[in-house]
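What follows is a set of notes on a single structure, which appears directly below.
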There are 4 protein chains.
Amino acid sequence: MTTIKDSVHDHIAVEGVAEALLETPPVQRLRRVKQLGTVTLVYPSANHTRFEHSLGVYYLAARALSHLGIEGQQAERVRAATLLHDVGHCPYSHNVEELVHRKTGKYHDDVHEILDTGEVARVLTEHGLNPDRVADLVAGDGELGQLVSGELDVDRMDYLVRDAHHTGVPYGTIDHERLVRELSFVDGELVLDEGNVQTAESLLLARALMNPTVYQHHVARIAKSMLRRGTERLLTATNATASDLRRWDDADLLVRLRRCDETAEYARRLSERDLYKRAVWAERTAVPDELLDADHRDVRAMEHSIADEANVDHDSVVLDVPAEPSMTESSSRVLVNGEIRRLSDQSTLVNAIRAAQRDQWRLGVYAPEADSDRVGDVAIRELGLDLDGARVRDVRPGIHATLDEFN
Amino acid sequence: MTTIKDSVHDHIAVEGVAEALLETPPVQRLRRVKQLGTVTLVYPSANHTRFEHSLGVYYLAARALSHLGIEGQQAERVRAATLLHDVGHCPYSHNVEELVHRKTGKYHDDVHEILDTGEVARVLTEHGLNPDRVADLVAGDGELGQLVSGELDVDRMDYLVRDAHHTGVPYGTIDHERLVRELSFVDGELVLDEGNVQTAESLLLARALMNPTVYQHHVARIAKSMLRRGTERLLTATNATASDLRRWDDADLLVRLRRCDETAEYARRLSERDLYKRAVWAERTAVPDELLDADHRDVRAMEHSIADEANVDHDSVVLDVPAEPSMTESSSRVLVNGEIRRLSDQSTLVNAIRAAQRDQWRLGVYAPEADSDRVGDVAIRELGLDLDGARVRDVRPGIHATLDEFN
Amino acid sequence: MTTIKDSVHDHIAVEGVAEALLETPPVQRLRRVKQLGTVTLVYPSANHTRFEHSLGVYYLAARALSHLGIEGQQAERVRAATLLHDVGHCPYSHNVEELVHRKTGKYHDDVHEILDTGEVARVLTEHGLNPDRVADLVAGDGELGQLVSGELDVDRMDYLVRDAHHTGVPYGTIDHERLVRELSFVDGELVLDEGNVQTAESLLLARALMNPTVYQHHVARIAKSMLRRGTERLLTATNATASDLRRWDDADLLVRLRRCDETAEYARRLSERDLYKRAVWAERTAVPDELLDADHRDVRAMEHSIADEANVDHDSVVLDVPAEPSMTESSSRVLVNGEIRRLSDQSTLVNAIRAAQRDQWRLGVYAPEADSDRVGDVAIRELGLDLDGARVRDVRPGIHATLDEFN
Amino acid sequence: MTTIKDSVHDHIAVEGVAEALLETPPVQRLRRVKQLGTVTLVYPSANHTRFEHSLGVYYLAARALSHLGIEGQQAERVRAATLLHDVGHCPYSHNVEELVHRKTGKYHDDVHEILDTGEVARVLTEHGLNPDRVADLVAGDGELGQLVSGELDVDRMDYLVRDAHHTGVPYGTIDHERLVRELSFVDGELVLDEGNVQTAESLLLARALMNPTVYQHHVARIAKSMLRRGTERLLTATNATASDLRRWDDADLLVRLRRCDETAEYARRLSERDLYKRAVWAERTAVPDELLDADHRDVRAMEHSIADEANVDHDSVVLDVPAEPSMTESSSRVLVNGEIRRLSDQSTLVNAIRAAQRDQWRLGVYAPEADSDRVGDVAIRELGLDLDGARVRDVRPGIHATLDEFN
């Protein structure tokens, strides 16, 4: 047994297949992939990695399994899945994920690819586990998959608490120990026991407050969009594939961006925190519906036509259209008077939060400060935005919990 | 200058009039009045006092004043008011407050009485402060009164964080430093600066989660109701007045309850945590509107008629009808695009939380375990409750963050 | 199973005999006995109780037993002992302990008396446990007794962390989880495993820093001495016995002190923090050895003769001669290269800390402020102190982590 | 004014010259230099950076200056110095420092070079500050230099608390706010005020416990030695200078190590945590004195001759001879009865800790696992170690607070 000291959960005992997995290169690589990517440009203490998060998820899963009375190979499989659930992540975490998904298809397949080969597959097999079934758990398939990836999964419980600890923003400090203790399986569904409607709500609220304050902070979004644009150009310029990207760590990607002529300026800007500014920041109601359906190619084309029209370099316009807000937690299930109910049917808060998330949604167009006004004017016209003359609308902005935002 | 170490805000420097007030008996008495009264029967670590809370409120006020640029006598007056804001509290904090208010009228008057006489008045006057004007601030009157008692007051900010720290329930951990930094006065109104809609919401949400989990936990409510009943009998039996009560500390009240024949059994039950059980626990929709208008006397009469009908002792029926849920924070004001707006006009969450609070509201009838069923049946009939056959309805119960609730 | 939320260890699951013991009056009484007695007059947040501490000790014992692989009745007995280890404490914790011991003999006997009778005995017996054998564990007897009361006991681990949490003084924050994981039994002795010399030292250092800063803070000592004197007079004046005292809680004692003519002034001073001042504060080298052997009666006689000589009331002189500093932890055992060694043989720090504790030792004579100088002069003469003219010598004072010390 | 949220000190307000310095590339580079280098291989949560540490030091300095009543340009200079005090650090923090110092001379000169040129010099000059005088403060010169780099500097206060927060090892949690409040200048010397002998001791003890547990953990030392060896080879192989090295960040160095044939294997081993093992681990008494005087070249020569004798590759032997333990804090000054005294003259603990540090000192020889025994035997002979037959002596090992040490 290996015991690892963690700043969030204190001592984490790792044993069995998980202990052996710890030593594999794909798991060790997670030490060099930041959990929150560009968020560190807003919250400088947020340098925690996918490695410690994976350990935390493993720890919470182990506690949940023990409370649920699940043992043996079934439990080993879940513990393996939690330690491996992030090995498919690209450098800077989610930041370039969409990029890769657009190129390779489902994340699910990528995970299968990594788990089915090399040292990870060897370790799993040696411990009597089928890599494919572990990958299924990572994808949230099957009854126990709900624990690894679902509305009430331990992934979410760890990252909220951990991100709160490292950013200093308190909103994510949920009562994870209570959540883990109150889980149970009823008719194959993972539910929270009687008396936990508000426990479920607290999870939802924590994410609802962390979202605008941390995950969707506009400075982090600008940096992330620039990183995504740079990475895309890098892959094209160097003939690298998405599968290559998935093997790099943060250092690999950053140095490659620096060394490639087409992307060196993006790299410099990210390193020196000399970021683009918001030329447009438009709320949902100002944006034509069809823009939300635009794929990767369409976005690129729009950027180019805005740039051409504004007479700036193609690299100087970055268009950032987030997906419509999802709210996975709203379909988490709770036991109420003996019946399983969806939280959204039970809680008056769910719809309010859904509305709030829609209110907070923003489309962004970013450009170097000097070009920002010009690009903004053109973009509004080209994208058909309805902004009442204002270029940057911030009627209901996120909590700027830090002012480390020269933007 | 006196520096005091506090487990929540670390070092608190106390100077000027506040330092002198620290030594007065009414302020020292707060050391012996628990902040959360009977909540310690649910959360055993929650033994913090009004004294440390008052210091915390003083500290946050001092920081807010410094950010607001308010100095001199005006600031001294606010600082004095924060240190004194709880001197009018009865033993076990809010628990017997309603009882006293019903007898003596407004809390406001009581505060005037305490501040206008004795050592407190002497100290205030010596420092050039008019006790009456300090009492006005405590009552929330005037522009600066908003800081002491209002929608965005520092009282609320301290107690949420402090109660979270001591109960171990994380929901109250707001970003108080951010709140204090973002306050400003616009046209005589205390508001949160631009970009703080969610800062305001976070305060509201923190209280919305702490309410059922901590402040309104049913075990704390049962104990509080028993304490209130016992105290009322004690005052009658011993010819003590509300004004006497206000001078006692927790020890005085507890020992008096023990020594008075009429209340010794209540005292024993509270000391040994041998509490009454819920005979009825009815949601808002099951309760006739007129019951909510019942005053003190009416409640007593209903208890007696239930007891008589159920053939139990008068002391064995306790009826607990909470006020309709208020939500002071919903009218806190935020700056949005240069305009002052009420949070409730700006936030989709406010109405949802109001609805949630109404959902959580419960009328309780409590009785000794052996009489509980009988009393429940009678009470439903006598009070005209519409409960579909169930005596205890807990469709949307509070978060029982602790299971230290043998009830 | 009952789960209780604790501000230090989060969720504590209580089961078996411990769950039943929780409901007994002697355990519930601990809710109303402060852990640190008069220390709250220095650190106002330190209002935690023997009850939550006992739960914490129970929790750490349960973890240690699980790591040690000890199960069944043997483990039940230890868990019962940890929950009961403080039921013999007087109000205000250790403060009046010496007083009682002088009257009744060993603490050990008192514990037997409480455990062998009433509800506690009934619960223990119902769970198949012999009350006497549980009392032996509380006294530290036998192999497993070391875990309950010994150099490496879980009592010490909980109180250091808990007192740090509630006072705000960080020095007590040891790595208790590591300590609990590294315990093992070798040849019937409780030891720390290989590689833990410094783990053992850290425990020693934590107490060495907490001692002068918290436990022996001079303001806490003055208040404690006044309380002890008052209590002694109370017992005499009211014909109460030590056994009565042991059944009271903090409220009982405080109110009794208030109501007894002989002690009302002490009670007022303690309540209003209007404490005596140091008339003498003498280091070890200035004190004749025979003074340290003085028993209770001798001390009282010296106080009286000082008072008479100084022409003040007998109650106005309080002499406080602490025992010579002990350092239990120095004989804790660690495994080094396969051998069991005493920490004091292994660690260069142990002797240094012993010397430091001797340096910090102080004899105190306390008196009302107005009499302080006069009493000091007389006391130096009467006690034969060698103070080079200085009345209060503070060559190496404790850390006054708080300045909440008007003394 | 910019306000930055920090996970240790909460909100840090940055203004004046410091705010402008924040945007310079040398300060932004610190975001990509880990504070504890290879320690993250032992404590996976320890990924904090020089950037957040520099902000923390700035914050503590600002508080100290305010308590000391120092204002104006003098204060601005100190604040600038604290934000800049680490800009001269190589990637992976101290890890390769010795390497550079051996090549370029004093760190002092390097700091002058960075502060005297480019954007930093421009910003300083624009704010009326002389870069050379700021560099002097960084070097600890002058009265105020003691605050930036000295026995009682704010650097030490921040890193102890921050490293404790991020590793999860509690020993570093000093009472920094008290330290900052108790500083004063007496006759040009920075001292702690009366009553703070133990405050000073607590600083010393914190470092004494963090040293073996964190900073000198053997796994971190092995990785650091491998990194140093690899970096040295890289500079030679690629004709890079120490001055180049000082401009790289962690990513630059890591990727360069990977891409250079001579160092790729070191890079792989560090990335996959496939570290060398201890072939020898010898305490101070077993090591001939002359070995401690060996310079860089001598060490290299010894490694080669061991490798040749053991018939392994030159890269397979790494010799790690730490400097004799220093204890800067022991000469910190405290006021005692009005006189300034050195802590070492006042505190019985200082000499004990000095002895303990000498006890903990270890010389290491590291090699790949397969070669470890052979290399150990040869090394003992070649280096003239007196080890009584044992190769790895761990008579008094550090606290292995984590077992994440497969070594």
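By convention here, the chains of the structure tokens are called A, B, ... in the order presented, each chain's residues are numbered starting at 1, and ligands are numbered starting at 1 in the order presented.
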Long-range neighbours of Arg162 in chain D as a count of residues only, 9 Å cut-off, only C-alpha atoms, 3 positions minimum in chain: 13
Per residue of chain A within 9 Å of chain C, note the shortest atom pair and the distance in Å to one decimal, counting only C-alpha atoms, and order the rows by chain and increasing residue number, as JSON lines.
{"residue": "A:Asp10", "atom": "CA", "partner": "C:Glu177", "partner_atom": "CA", "distance": 8.0}
{"residue": "A:His11", "atom": "CA", "partner": "C:Glu177", "partner_atom": "CA", "distance": 7.3}
{"residue": "A:Glu177", "atom": "CA", "partner": "C:His11", "partner_atom": "CA", "distance": 7.3}
{"residue": "A:Arg178", "atom": "CA", "partner": "C:His11", "partner_atom": "CA", "distance": 7.8}
Output for the residues just chosen: N, CA and C atoms as a compact mmCIF listing (two decimals), in the first residue's frame:
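The result, written out as part18.txt:
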# COMPACT_ATOMS: atom_id res chain seq x y z
N ASP A 10 -6.01 14.96 2.79
CA ASP A 10 -4.97 14.50 3.70
C ASP A 10 -4.34 13.18 3.20
N HIS A 11 -4.34 12.12 4.00
CA HIS A 11 -3.67 10.88 3.56
C HIS A 11 -4.58 10.05 2.66
N GLU A 177 -18.12 14.68 2.12
CA GLU A 177 -18.21 13.47 2.93
C GLU A 177 -19.67 13.06 3.11
N ARG A 178 -20.54 14.05 3.29
CA ARG A 178 -21.96 13.71 3.40
C ARG A 178 -22.50 13.11 2.11
Tyr266 in chain D environment, 7 Å, only C-alpha atoms, sequence neighbours closer than 4 positions dropped, as a ChimeraX atom specification: /D:226,230,270
Selection near range 194-211 of chain B, 6 Å with only C-alpha atoms, sequence-local residues under 2 positions removed, as a list in words: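 The filter keeps Pro397 and Ile399 of chain A; Tyr171, Gly172, Thr213, Val214, Tyr215, Gln216, Glu329, Leu335 and Val336 of chain B.
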All residues 12 Å or closer to range 281-292 of chain A, only C-alpha atoms, same chain fewer than 2 positions away omitted, as number ranges by chain: A: 218, 221-222, 277-279, 294-296, 298-299, 302, 319-325, 355-367, 372, 376-377, 379-397
Would you save the residues from that selection as a compact mmCIF listing (two decimals), in the first residue's frame, using N, CA and C atoms?
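selection-v5.txt, freshly written:
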# COMPACT_ATOMS: atom_id res chain seq x y z
N HIS A 218 -14.12 35.63 -17.69
CA HIS A 218 -13.84 36.04 -19.07
C HIS A 218 -12.35 36.05 -19.42
N ARG A 221 -11.46 32.62 -20.29
CA ARG A 221 -12.03 32.26 -21.60
C ARG A 221 -11.23 32.85 -22.74
N ILE A 222 -10.79 34.09 -22.59
CA ILE A 222 -9.98 34.71 -23.65
C ILE A 222 -8.70 33.91 -23.85
N LYS A 277 -8.33 41.54 -25.93
CA LYS A 277 -9.41 42.13 -25.15
C LYS A 277 -10.75 41.73 -25.76
N ARG A 278 -11.80 41.97 -25.01
CA ARG A 278 -13.13 41.68 -25.55
C ARG A 278 -13.55 42.77 -26.54
N ALA A 279 -13.67 42.41 -27.81
CA ALA A 279 -14.19 43.35 -28.80
C ALA A 279 -15.71 43.29 -28.77
N ALA A 294 -23.06 26.68 -35.48
CA ALA A 294 -21.86 26.78 -36.31
C ALA A 294 -20.83 25.75 -35.88
N ASP A 295 -20.26 25.03 -36.81
CA ASP A 295 -19.19 24.11 -36.42
C ASP A 295 -17.86 24.81 -36.53
N HIS A 296 -16.84 24.07 -36.17
CA HIS A 296 -15.47 24.48 -36.20
C HIS A 296 -15.07 25.28 -37.45
N ASP A 298 -17.06 26.70 -39.75
CA ASP A 298 -17.86 27.92 -39.85
C ASP A 298 -17.24 29.03 -39.00
N VAL A 299 -16.86 28.69 -37.79
CA VAL A 299 -16.28 29.68 -36.89
C VAL A 299 -15.02 30.26 -37.51
N MET A 302 -15.93 32.63 -40.25
CA MET A 302 -16.44 33.92 -39.75
C MET A 302 -15.30 34.79 -39.24
N LEU A 319 -13.08 34.17 -32.29
CA LEU A 319 -14.52 34.10 -32.00
C LEU A 319 -14.76 32.93 -31.04
N ASP A 320 -15.49 33.20 -29.99
CA ASP A 320 -15.67 32.21 -28.92
C ASP A 320 -17.17 32.02 -28.66
N VAL A 321 -17.71 30.94 -29.22
CA VAL A 321 -19.14 30.65 -29.05
C VAL A 321 -19.30 29.42 -28.16
N PRO A 322 -19.56 29.63 -26.89
CA PRO A 322 -19.70 28.47 -26.00
C PRO A 322 -20.95 27.67 -26.34
N ALA A 323 -20.96 26.42 -25.94
CA ALA A 323 -22.16 25.61 -26.09
C ALA A 323 -23.26 26.18 -25.18
N GLU A 324 -24.46 25.80 -25.43
CA GLU A 324 -25.55 26.21 -24.53
C GLU A 324 -25.28 25.58 -23.16
N PRO A 325 -25.61 26.30 -22.10
CA PRO A 325 -25.27 25.77 -20.77
C PRO A 325 -25.98 24.45 -20.48
N ALA A 355 -32.16 29.10 -15.70
CA ALA A 355 -32.38 30.44 -16.27
C ALA A 355 -31.17 31.33 -16.02
N ALA A 356 -30.62 31.23 -14.81
CA ALA A 356 -29.46 32.06 -14.48
C ALA A 356 -28.29 31.72 -15.40
N GLN A 357 -28.11 30.45 -15.66
CA GLN A 357 -26.98 30.05 -16.51
C GLN A 357 -27.17 30.59 -17.93
N ARG A 358 -28.40 30.61 -18.38
CA ARG A 358 -28.68 31.16 -19.70
C ARG A 358 -28.40 32.66 -19.70
N ASP A 359 -28.77 33.31 -18.62
CA ASP A 359 -28.48 34.74 -18.49
C ASP A 359 -27.00 35.04 -18.53
N GLN A 360 -26.24 34.12 -17.96
CA GLN A 360 -24.80 34.38 -17.86
C GLN A 360 -24.04 34.04 -19.14
N TRP A 361 -24.65 33.30 -19.99
CA TRP A 361 -24.00 32.90 -21.25
C TRP A 361 -23.57 34.14 -22.04
N ARG A 362 -22.37 34.10 -22.59
CA ARG A 362 -21.89 35.20 -23.41
C ARG A 362 -21.13 34.68 -24.63
N LEU A 363 -21.40 35.29 -25.77
CA LEU A 363 -20.55 35.08 -26.94
C LEU A 363 -19.44 36.12 -26.89
N GLY A 364 -18.20 35.69 -27.19
CA GLY A 364 -17.10 36.64 -27.17
C GLY A 364 -16.39 36.75 -28.51
N VAL A 365 -15.99 37.98 -28.86
CA VAL A 365 -15.04 38.17 -29.96
C VAL A 365 -13.86 38.90 -29.35
N TYR A 366 -12.65 38.34 -29.54
CA TYR A 366 -11.46 38.89 -28.90
C TYR A 366 -10.46 39.37 -29.95
N ALA A 367 -9.73 40.41 -29.61
CA ALA A 367 -8.75 40.96 -30.55
C ALA A 367 -7.67 41.71 -29.76
N SER A 372 -9.27 46.33 -31.15
CA SER A 372 -10.47 45.84 -30.52
C SER A 372 -11.74 46.57 -30.97
N GLY A 376 -14.66 44.88 -33.17
CA GLY A 376 -15.97 44.79 -32.54
C GLY A 376 -17.08 45.28 -33.45
N ASP A 377 -16.87 46.46 -34.04
CA ASP A 377 -17.89 47.01 -34.93
C ASP A 377 -18.19 46.07 -36.09
N ALA A 379 -17.57 42.84 -36.29
CA ALA A 379 -18.11 41.55 -35.85
C ALA A 379 -19.61 41.63 -35.60
N ILE A 380 -20.04 42.70 -34.96
CA ILE A 380 -21.47 42.86 -34.68
C ILE A 380 -22.27 42.79 -35.98
N ARG A 381 -21.76 43.47 -36.98
CA ARG A 381 -22.42 43.48 -38.30
C ARG A 381 -22.38 42.10 -38.93
N GLU A 382 -21.19 41.56 -39.01
CA GLU A 382 -21.00 40.27 -39.71
C GLU A 382 -21.78 39.13 -39.05
N LEU A 383 -21.82 39.14 -37.73
CA LEU A 383 -22.47 38.03 -37.01
C LEU A 383 -23.96 38.29 -36.79
N GLY A 384 -24.41 39.49 -37.16
CA GLY A 384 -25.82 39.81 -37.00
C GLY A 384 -26.25 39.90 -35.54
N LEU A 385 -25.40 40.47 -34.72
CA LEU A 385 -25.73 40.57 -33.30
C LEU A 385 -26.63 41.77 -33.05
N ASP A 386 -27.46 41.66 -32.09
CA ASP A 386 -28.42 42.72 -31.76
C ASP A 386 -28.06 43.29 -30.39
N LEU A 387 -27.18 44.29 -30.39
CA LEU A 387 -26.60 44.72 -29.12
C LEU A 387 -26.97 46.13 -28.69
N ASP A 388 -27.92 46.73 -29.40
CA ASP A 388 -28.36 48.07 -28.99
C ASP A 388 -27.21 49.06 -28.91
N GLY A 389 -26.29 48.92 -29.79
CA GLY A 389 -25.20 49.91 -29.80
C GLY A 389 -24.04 49.60 -28.88
N ALA A 390 -24.28 48.83 -27.81
CA ALA A 390 -23.17 48.51 -26.91
C ALA A 390 -22.38 47.35 -27.48
N ARG A 391 -21.10 47.45 -27.38
CA ARG A 391 -20.28 46.36 -27.91
C ARG A 391 -20.09 45.27 -26.86
N VAL A 392 -19.83 45.74 -25.64
CA VAL A 392 -19.61 44.79 -24.56
C VAL A 392 -20.74 44.96 -23.56
N ARG A 393 -21.57 43.95 -23.47
CA ARG A 393 -22.70 44.00 -22.56
C ARG A 393 -22.43 43.11 -21.37
N ASP A 394 -22.49 43.67 -20.24
CA ASP A 394 -22.18 42.86 -19.08
C ASP A 394 -23.26 43.00 -18.03
N VAL A 395 -24.49 42.93 -18.51
CA VAL A 395 -25.61 43.20 -17.63
C VAL A 395 -25.57 42.33 -16.38
N ARG A 396 -25.10 41.10 -16.54
CA ARG A 396 -25.12 40.20 -15.40
C ARG A 396 -23.81 39.41 -15.39
N PRO A 397 -22.75 40.12 -15.08
CA PRO A 397 -21.43 39.53 -15.23
C PRO A 397 -21.15 38.53 -14.12
Applying 8 Å and only C-alpha atoms, which residues near Glu52 in chain B remain after dropping the ones on its own chain fewer than 5 positions away? List them as a short mmCIF file (atom, residue, chain, number, x, y, z; two decimals) with C-alpha atoms, in the first residue's frame.
data_model
loop_
_atom_site.label_atom_id
_atom_site.label_comp_id
_atom_site.auth_asym_id
_atom_site.auth_seq_id
_atom_site.Cartn_x
_atom_site.Cartn_y
_atom_site.Cartn_z
CA ASP B 6 -10.01 34.97 16.84
CA ARG B 31 -18.99 35.63 26.55
CA PRO C 44 -12.42 34.14 23.29
CA SER C 45 -13.10 31.52 20.61
#
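Nearest to Leu65 in chain A of all the residues A:Val17, A:Leu30, A:Val280, A:Val154 is A:Val154, based on only C-alpha atoms.
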